[in-house]
Amino acid sequence: SLEGFKQAHLNGEIKASFDACQALEKKDLKILQDFKQIFADQIQIGLVYFADLYSSAHLRKVLDTIEHGLDRETSPPVTFYEFVTCCRRVREAMLKEVYELYLSFDKDGQGFISAAQMRQLCIPLGFTLVDEEWKELLAAKSLQENERNLDFDTVWSFIQEVRDQNGFTQSEQVELTSSFNKFCDGSGEMPNLQAMGL
């Protein structure tokens with residue numbers, strides 16, 4: 001493992017995030033690809049790929065601690081190892097936030113919370129789950145509404161599922177994707193004027 005990540009994560013989502021940054025700069029790709037580096041100003045893009053939108057506050061804190069800054073002209077390129085270190089720091093900040101919320105619900109200090117408390121825990125993280133979303137997400141993690149002994153690992157796994165689904169049911173995601181594609185210009189992006197029609 002490297003920086004606490006299993007090999008599957010390193011070769012999967014983290015490498016994909018790093019590679020996506022390299023692909024952004026096609027004209028400079030050959031120079032950096034030979035050395036497995038990205039430009040300093042691309043770290044934030046890579047971290048959003050890795051940790052998604054819901055980590056923006058954590059991303060800002062991590063980026064503020066980078067000593068050499070994020071300017072392409074004055075900062076050295078970033079190696080894969082440096083990128084993995086930033087990913088670890090973002091993940092630690094995300095874990096800490098959820099763990100502190102978890103402890104606030106574990107009033108008796110036994111190390112467990114109920115499913116109902118887990119649903120409440122989602123609210124300060126930006127997800128007020130309606131019944132349909134809640135039931136679908138519980139089923140995805142093989143959990144029941146009446147569960148009373150959920151440990152932190154189970155709650156963290158559930159939160160990851162909520163974030164992966166963006167708080168939408170599968171049918172809502174299909175509907176949103178269909179609506180977006182009606183107005184999409186074929187490049188995978190939607191012109192601003194089309195967004196008004198959506």
# chains A, B, ... in the order shown; residues from 1 in each chain; ligands from 1
>>> residues_around(residues="Cys21 (chain A)", least_positions_apart="5", cutoff="9 Å", atoms="only C-alpha atoms", output="list in words")
Ala16, Ile38, Phe39, Gln42, Ile43, Ile45 and Gly46 of chain A
>>> residues_around(residues="region 87-92 of chain A", least_positions_apart="2", cutoff="12 Å", atoms="only C-alpha atoms", output="PyMOL selection string")
chain A and resi 1-6+9-10+13-15+17-18+43-66+80-85+94-99+156+160
>>> closest_residue(among="A:Glu100, A:Glu161, A:Asp106, A:Asp41", to="Trp134 (chain A)", atoms="only C-alpha atoms")
A:Glu161
>>> atom_distance(atom1="CA of Ala20 (chain A)", atom2="CA of Gln37 (chain A)")
11.6 Å
>>> residues_around(residues="Leu137 (chain A)", least_positions_apart="5", cutoff="9 Å", atoms="only C-alpha atoms", output="list in words")
Glu132, Ser142, Leu143, Phe158, Glu161, Val162, Gln165, Gly167 and Thr169 of chain A
>>> write_last_selection(atoms="N, CA, C and O atoms", output="short mmCIF file (atom, residue, chain, number, x, y, z; two decimals), in the first residue's frame")
data_model
loop_
_atom_site.label_atom_id
_atom_site.label_comp_id
_atom_site.auth_asym_id
_atom_site.auth_seq_id
_atom_site.Cartn_x
_atom_site.Cartn_y
_atom_site.Cartn_z
N GLU A 132 -38.05 7.49 -0.69
CA GLU A 132 -37.67 6.64 -1.83
C GLU A 132 -36.15 6.51 -1.94
O GLU A 132 -35.61 5.41 -2.14
N SER A 142 -27.61 -3.39 1.70
CA SER A 142 -28.19 -4.53 2.44
C SER A 142 -28.47 -4.17 3.89
O SER A 142 -28.18 -4.95 4.81
N LEU A 143 -29.04 -3.00 4.12
CA LEU A 143 -29.38 -2.55 5.47
C LEU A 143 -30.90 -2.45 5.60
O LEU A 143 -31.62 -2.33 4.61
N PHE A 158 -22.01 3.64 3.77
CA PHE A 158 -23.31 4.18 3.36
C PHE A 158 -23.16 5.60 2.81
O PHE A 158 -23.73 5.95 1.78
N GLU A 161 -21.90 5.59 -0.61
CA GLU A 161 -22.97 5.23 -1.56
C GLU A 161 -23.87 6.44 -1.84
O GLU A 161 -24.23 6.71 -2.98
N VAL A 162 -24.22 7.19 -0.79
CA VAL A 162 -25.05 8.39 -0.94
C VAL A 162 -24.35 9.37 -1.88
O VAL A 162 -24.96 9.93 -2.80
N GLN A 165 -24.34 8.27 -5.49
CA GLN A 165 -25.65 8.44 -6.11
C GLN A 165 -26.09 9.90 -6.16
O GLN A 165 -27.14 10.21 -6.70
N GLY A 167 -27.41 11.55 -3.99
CA GLY A 167 -28.67 11.73 -3.30
C GLY A 167 -29.90 11.50 -4.18
O GLY A 167 -31.00 11.84 -3.79
N THR A 169 -32.31 8.76 -6.67
CA THR A 169 -32.62 7.35 -6.95
C THR A 169 -32.12 7.02 -8.35
O THR A 169 -31.82 7.93 -9.15
#
>>> residues_around(residues="region 114-127 of chain A", least_positions_apart="5", cutoff="8 Å", atoms="only C-alpha atoms", output="PyMOL selection string")
chain A and resi 54+101-102+105+134+144-150+155+159+162+167
>>> atom_distance(atom1="CA of Asp131 (chain A)", atom2="CA of Thr154 (chain A)")
19.8 Å
>>> select_by_dssp(residues="region 73-141 of chain A", states="helix (DSSP H, G or I)", output="NGL selection string")
:A and (80-105 or 115-125 or 131-140)
>>> closest_residue(among="A:Asp153, A:Pro76, A:Glu133, A:Thr128", to="Gly111 (chain A)", atoms="only C-alpha atoms")
A:Asp153
>>> atom_distance(atom1="CA of Ala139 (chain A)", atom2="CA of Ser157 (chain A)")
12.9 Å
